[in-house]
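Participant: Here's a structure for you.
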Amino acid sequence: MKVDVLLGLQWGDEGKGKVVDVLTPKYDMIARFQGGPNAGHTLEVNNIKQVLHTIPSGIFHENKVNLIGNGVVLDPVTFKKEIESISKLGIDLTKNLFISKKAHLILPTHKILDAASESAKGDTKIGSTLKGIGPTYRDKIGRDGMRVGDLLENFQEKYSTRVKAHIDQLENYYHFDYKEMLESSEADWMEGVETLKKYNIVDSEHLINDFLTNEKSVLAEGAQGTLLDIDFGSYPFVTSSNTICAGACTGLGLAPQKIGNVFGIFKAYCTRVGMGPFPTELLDETGQKLREAGREYGSTTGRPRRCGWLDLVALKYSIMLNGVTEMIMMKADVMDTFETIKVCVGYEIDGDVIEQFPYELKDNVKPVYVELPGWETDLTKLTHQDEFPEEFNNYMSFIEDEVGVPITIASVGPNRAQTIILEQE
Ligand code: GDP
Ligand code: IMO
Ligand code: MG
């Protein structure tokens with residue numbers, strides 16, 4: 001068996017959590033492969049809404065294995081909170097949740113270092129979620145990290161050594177006042193560790209490969225989006241992991257030939273939270289209309305998301321990097337009242353039009369738009385593609401023709417039920 005991968009093609013928050021929940025019945029295991037509690041994946045089923053940060057989005061279905069892979073960075077504090085919130089829904093994950101020994105731990109001081117680093121950057125700050133992601137991956141790459149497996153042996157000694165080194169950086173490099181933050185967070189962190197230890201801490205690369213050998217199916221769930229990838233995103237305004245499909249190989253221990261379908265998920269428009277370039281951003285009433293209709297406020301931080309038109313230059317780049325085989329279009333219903341809709345098909349830079357995503361997106365990038373008629377119909381109640389208005393079909397066909405990959409699912413509302421599987425010709 002091969003592993004299918006579902007990942008974001010834009011700047012995150014495309015609706016990954018919702019679609020993973022929809023697709024879970026087809027799979028035996030759902031596996032997160034990178035990122036950490038900077039992610040916020042929203043699931044809405046009937047009247048229940050749950051935001052997940054670390055735990056995979058397969059939890060609403062019984063008897064599915066959920067795996068937190070080695071590529072993830074895990075904060076025991078968030079983990080414990082999430083477990084508690086899920087328990088309230090009557091979901092017990094002690095048997096079905098597996099955590100890689102090789103996943104790196106976010107220590108309380110990593111979060112403080114994140115705050116110190118952002119504050120030192122001043123006007124050039126990234127707009128991080130301040131969950132300790134950058135400092136934890138920095139320690140991992142610097143070969144100074146602490147892993148979940150370390151909780152099983154000599155834990156206190158390793159912890160104290162790391163915290164001491166972090167305090168040295170906070171005092172002597174950042175000159176950052178850390179004492180209160182550390183005092184108020186350490187006890188919670190230790191409690192989180194105790195919760196974590198109650199779950200299955202495993203050599204997950206073996207678990208997942210054994211699954212495949214035994215003909216069991218796996219869906220890998222990406223976090224963030226391709227344009228936030230550490231190598232290919234709008235650097236330095238990115239996250240600190242490989243969000244692209246290759247990240248599923250390194251973040252789970254999968255050989256490249258084990259990758260099957262790649263589901264690329266995108267919003268029918270575009271959003272971004274945090275700083276950094278965004279060529280199709282709308283700073284006018286239309287942007288505001290998208291934000292309000294789409295309830296575009298961060299699932300993790302509550303920050304207003306920046307909104308703009310769909311960008312096909314960026315989308316094609318993401319499709320290329322990930323080898324996307326099928327696309328999933330989200331939140332078209334947000335534009336239900338729009339008379340016309342614009343789509344960016346090129347970038348004009350100093351008089352020349354380019355269609356290839358450039359090295360850097362500077363202020364001189366001007367989007368070249370094609371204008372399409374809106375459908376001016378309420379999509380949220382539709383249940384079958386036969387009911388789609390012509391203009392909506394045309395919008396999807398236009399995108400498919402431009403990027404050369406079929407759209408196989410259209411999502412028309414936040415609820416699990418508002419998902420339309422499209423028949424392919
Ligand atoms: P993720 O990080 O990719 O899982 O996405 P988020 O959960 O951060 O953000 C997506 C938001 O859009 C959530 O509030 C979802 O409930 C909501 N959502 C998902 N799909 C749709 C859709 O098709 N239409 C509308 N209106 N909202 C949606
Ligand atoms: P999901 O999985 C949207 C953004 C932050 C910031 C940059 C770096 O829900 O799609 P970090 O905390 O990683 O240091 O922040 O990346 N960011 C996200 N934006 N969705 C996410 O996750 C994000 N995770 C990080 O806003 O600009
Ligand atoms: Mg999100």
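Just remember, in the structure tokens the first chain shown is A, the second B, etc., residues are 1-based per chain, and ligands are 1-based in the order shown.
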Among the residues of range 161-403 of chain A, find those DSSP assigns to helix (DSSP H, G or I) from the backbone and print them as a PyMOL selection string.
Facilitator: chain A and resi 161-174+179-196+204-213+226-228+246-252+256-258+285-293+312-322+332-335+385-387+390-403
Participant: What do you get as a count of residues only if you pick all residues at most 6 Å from ligand 3, counting only C-alpha atoms and all ligand atoms?
Facilitator: 5
Participant: Could the residues that lie within 8 Å of ligand 1, counting only C-alpha atoms and all ligand atoms, be listed as a ChimeraX atom specification?
Facilitator: /A:8,12-19,39-44,49,51,223-224,293-300,329-334,380,410-415,418-419
Participant: At a cut-off of 6 Å, using only C-alpha atoms, what residues contact Leu312 in chain A? Leave out same-chain residues fewer than 3 positions from it and give the result as a VMD selection string.
Facilitator: chain A and resid 315 to 316 344 to 345
Participant: Can I get the selected residues back with C-alpha atoms, as a PDB file, in the first residue's frame?
Facilitator:
```pdb
ATOM      1  CA  LEU A 315      -0.872  27.681  -6.998  1.00  0.00           C
ATOM      2  CA  LYS A 316       0.984  26.240 -10.015  1.00  0.00           C
ATOM      3  CA  CYS A 344      -4.401  36.226 -10.778  1.00  0.00           C
ATOM      4  CA  VAL A 345      -2.805  34.576 -13.837  1.00  0.00           C
TER       5      VAL A 345
END
```
Participant: List every residue of chain A that has an atom at most 9 Å from any atom of ligand 2, giving for each one its closest atom pair and the distance in Å to one decimal, counting only C-alpha atoms and all ligand atoms, sorted by chain and then by ascending residue number, as a Markdown table.
Facilitator:
```
| residue | atom | partner | partner_atom_place_in_ligand_line | distance |
| --- | --- | --- | --- | --- |
| A:Gly8 | CA | ligand 2 | 10 (O) | 7.1 |
| A:Gln10 | CA | ligand 2 | 10 (O) | 8.8 |
| A:Trp11 | CA | ligand 2 | 3 (C) | 5.8 |
| A:Gly12 | CA | ligand 2 | 10 (O) | 3.3 |
| A:Asp13 | CA | ligand 2 | 10 (O) | 3.7 |
| A:Glu14 | CA | ligand 2 | 10 (O) | 6.4 |
| A:Gly15 | CA | ligand 2 | 10 (O) | 7.6 |
| A:Lys16 | CA | ligand 2 | 10 (O) | 7.2 |
| A:Gly17 | CA | ligand 2 | 2 (O) | 8.3 |
| A:Gly35 | CA | ligand 2 | 13 (O) | 7.3 |
| A:Gly36 | CA | ligand 2 | 13 (O) | 8.1 |
| A:Pro37 | CA | ligand 2 | 24 (N) | 7.9 |
| A:Asn38 | CA | ligand 2 | 24 (N) | 4.4 |
| A:Ala39 | CA | ligand 2 | 2 (O) | 3.5 |
| A:Gly40 | CA | ligand 2 | 9 (O) | 3.8 |
| A:His41 | CA | ligand 2 | 9 (O) | 5.2 |
| A:Thr42 | CA | ligand 2 | 9 (O) | 8.2 |
| A:Leu52 | CA | ligand 2 | 9 (O) | 8.7 |
| A:His53 | CA | ligand 2 | 9 (O) | 7.5 |
| A:Asp114 | CA | ligand 2 | 14 (O) | 7.7 |
| A:Ile126 | CA | ligand 2 | 27 (O) | 5.7 |
| A:Gly127 | CA | ligand 2 | 27 (O) | 4.8 |
| A:Ser128 | CA | ligand 2 | 15 (O) | 3.5 |
| A:Thr129 | CA | ligand 2 | 12 (O) | 3.7 |
| A:Leu130 | CA | ligand 2 | 12 (O) | 5.4 |
| A:Lys131 | CA | ligand 2 | 12 (O) | 5.7 |
| A:Gly132 | CA | ligand 2 | 12 (O) | 7.0 |
| A:Ile133 | CA | ligand 2 | 14 (O) | 5.3 |
| A:Gly134 | CA | ligand 2 | 14 (O) | 5.4 |
| A:Pro135 | CA | ligand 2 | 14 (O) | 8.7 |
| A:Gly222 | CA | ligand 2 | 2 (O) | 7.0 |
| A:Ala223 | CA | ligand 2 | 2 (O) | 3.6 |
| A:Gln224 | CA | ligand 2 | 10 (O) | 3.5 |
| A:Gly225 | CA | ligand 2 | 10 (O) | 6.0 |
| A:Leu228 | CA | ligand 2 | 16 (O) | 6.0 |
| A:Asp229 | CA | ligand 2 | 16 (O) | 8.9 |
| A:Pro236 | CA | ligand 2 | 8 (C) | 8.9 |
| A:Phe237 | CA | ligand 2 | 7 (C) | 6.0 |
| A:Val238 | CA | ligand 2 | 7 (C) | 4.9 |
| A:Thr239 | CA | ligand 2 | 13 (O) | 3.9 |
| A:Ser240 | CA | ligand 2 | 13 (O) | 6.0 |
| A:Ser241 | CA | ligand 2 | 13 (O) | 8.1 |
| A:Thr271 | CA | ligand 2 | 3 (C) | 8.5 |
| A:Arg272 | CA | ligand 2 | 19 (N) | 6.4 |
| A:Val273 | CA | ligand 2 | 26 (O) | 4.6 |
| A:Gly274 | CA | ligand 2 | 27 (O) | 3.5 |
| A:Met275 | CA | ligand 2 | 27 (O) | 5.4 |
| A:Gly276 | CA | ligand 2 | 27 (O) | 7.3 |
| A:Gly298 | CA | ligand 2 | 3 (C) | 7.3 |
| A:Ser299 | CA | ligand 2 | 9 (O) | 6.8 |
| A:Thr300 | CA | ligand 2 | 9 (O) | 7.1 |
| A:Thr301 | CA | ligand 2 | 26 (O) | 8.4 |
| A:Arg303 | CA | ligand 2 | 26 (O) | 8.7 |
| A:Arg305 | CA | ligand 2 | 3 (C) | 8.6 |
```
Participant: Which residues come within 9 Å of range 202-210 of chain A, counting only C-alpha atoms, excluding same-chain residues fewer than 2 positions away, as a list of chain:residue names?
Facilitator: A:Met29, A:Ala31, A:Leu67, A:Ile68, A:Gly69, A:Asn70, A:Phe98, A:Ile99, A:Ser100, A:Lys101, A:Lys102, A:Gly149, A:Asn200, A:Leu212, A:Thr213, A:Asn214, A:Glu215, A:Lys216, A:Val218, A:Leu252, A:Gly253, A:Leu254
Participant: Output C-alpha atoms of each residue in that selection to a file, as a PDB file, in the first residue's frame.
Facilitator:
```
ATOM      1  CA  MET A  29      -4.315   5.565   9.956  1.00  0.00           C
ATOM      2  CA  ALA A  31      -0.530  10.692  10.453  1.00  0.00           C
ATOM      3  CA  LEU A  67      -0.031   9.048  14.614  1.00  0.00           C
ATOM      4  CA  ILE A  68       2.111  12.038  15.559  1.00  0.00           C
ATOM      5  CA  GLY A  69       5.206  11.497  13.418  1.00  0.00           C
ATOM      6  CA  ASN A  70       8.879  12.219  14.054  1.00  0.00           C
ATOM      7  CA  PHE A  98       0.647   6.867  18.789  1.00  0.00           C
ATOM      8  CA  ILE A  99       3.535   9.291  19.186  1.00  0.00           C
ATOM      9  CA  SER A 100       6.977   8.979  17.638  1.00  0.00           C
ATOM     10  CA  LYS A 101       9.906   8.693  20.035  1.00  0.00           C
ATOM     11  CA  LYS A 102      11.792  10.876  17.569  1.00  0.00           C
ATOM     12  CA  GLY A 149      11.942   9.259  23.606  1.00  0.00           C
ATOM     13  CA  ASN A 200       1.785   4.985  23.090  1.00  0.00           C
ATOM     14  CA  LEU A 212       1.722  -0.569   4.651  1.00  0.00           C
ATOM     15  CA  THR A 213       3.206  -4.053   4.456  1.00  0.00           C
ATOM     16  CA  ASN A 214      -0.015  -5.374   5.974  1.00  0.00           C
ATOM     17  CA  GLU A 215      -2.078  -3.664   3.254  1.00  0.00           C
ATOM     18  CA  LYS A 216      -3.442  -1.010   5.591  1.00  0.00           C
ATOM     19  CA  VAL A 218      -2.604   5.729   5.563  1.00  0.00           C
ATOM     20  CA  LEU A 252       7.216   9.798   8.931  1.00  0.00           C
ATOM     21  CA  GLY A 253      10.108   7.647   7.700  1.00  0.00           C
ATOM     22  CA  LEU A 254       8.633   6.846   4.285  1.00  0.00           C
TER      23      LEU A 254
END
```
Participant: Could you please determine the separation between CA of Asp336 in chain A and CA of Met320 in chain A in Å, to one decimal place?
Facilitator: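 Here the two named atoms are 29.6 Å from each other.
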Participant: I want to know what sits within 6 Å of range 280-288 of chain A, based on only C-alpha atoms, with residues of the same chain fewer than 5 positions away left out; could you give that as a PyMOL selection string?
Facilitator: chain A and resi 307-309
Participant: Output all heavy atoms for every residue in the selection just made, as a PDB file, in the first residue's frame.
Facilitator:
```pdb
ATOM      1  N   CYS A 307      -6.725  38.859   3.451  1.00  0.00           N
ATOM      2  CA  CYS A 307      -7.500  38.164   2.400  1.00  0.00           C
ATOM      3  C   CYS A 307      -7.227  38.759   1.027  1.00  0.00           C
ATOM      4  O   CYS A 307      -6.948  39.961   0.910  1.00  0.00           O
ATOM      5  CB  CYS A 307      -8.991  38.297   2.688  1.00  0.00           C
ATOM      6  SG  CYS A 307      -9.479  37.530   4.241  1.00  0.00           S
ATOM      7  N   GLY A 308      -7.330  37.934   0.001  1.00  0.00           N
ATOM      8  CA  GLY A 308      -7.134  38.417  -1.372  1.00  0.00           C
ATOM      9  C   GLY A 308      -7.650  37.414  -2.384  1.00  0.00           C
ATOM     10  O   GLY A 308      -8.215  36.378  -2.021  1.00  0.00           O
ATOM     11  N   TRP A 309      -7.466  37.738  -3.672  1.00  0.00           N
ATOM     12  CA  TRP A 309      -7.946  36.864  -4.751  1.00  0.00           C
ATOM     13  C   TRP A 309      -7.058  35.627  -4.897  1.00  0.00           C
ATOM     14  O   TRP A 309      -5.901  35.637  -4.479  1.00  0.00           O
ATOM     15  CB  TRP A 309      -7.952  37.616  -6.087  1.00  0.00           C
ATOM     16  CG  TRP A 309      -8.872  38.800  -6.153  1.00  0.00           C
ATOM     17  CD1 TRP A 309      -8.496  40.103  -6.370  1.00  0.00           C
ATOM     18  CD2 TRP A 309     -10.296  38.808  -6.046  1.00  0.00           C
ATOM     19  NE1 TRP A 309      -9.588  40.914  -6.387  1.00  0.00           N
ATOM     20  CE2 TRP A 309     -10.719  40.149  -6.195  1.00  0.00           C
ATOM     21  CE3 TRP A 309     -11.279  37.833  -5.833  1.00  0.00           C
ATOM     22  CZ2 TRP A 309     -12.056  40.528  -6.141  1.00  0.00           C
ATOM     23  CZ3 TRP A 309     -12.606  38.201  -5.774  1.00  0.00           C
ATOM     24  CH2 TRP A 309     -12.993  39.529  -5.928  1.00  0.00           C
TER      25      TRP A 309
END
```
Participant: Could you pull out the strand (DSSP E or B) residues of range 29-199 of chain A, going by DSSP on the backbone, and write them as a ChimeraX atom specification?
Facilitator: /A:29-32,35,41-45,48-52,65-68,72-74,97-100,104-105,147
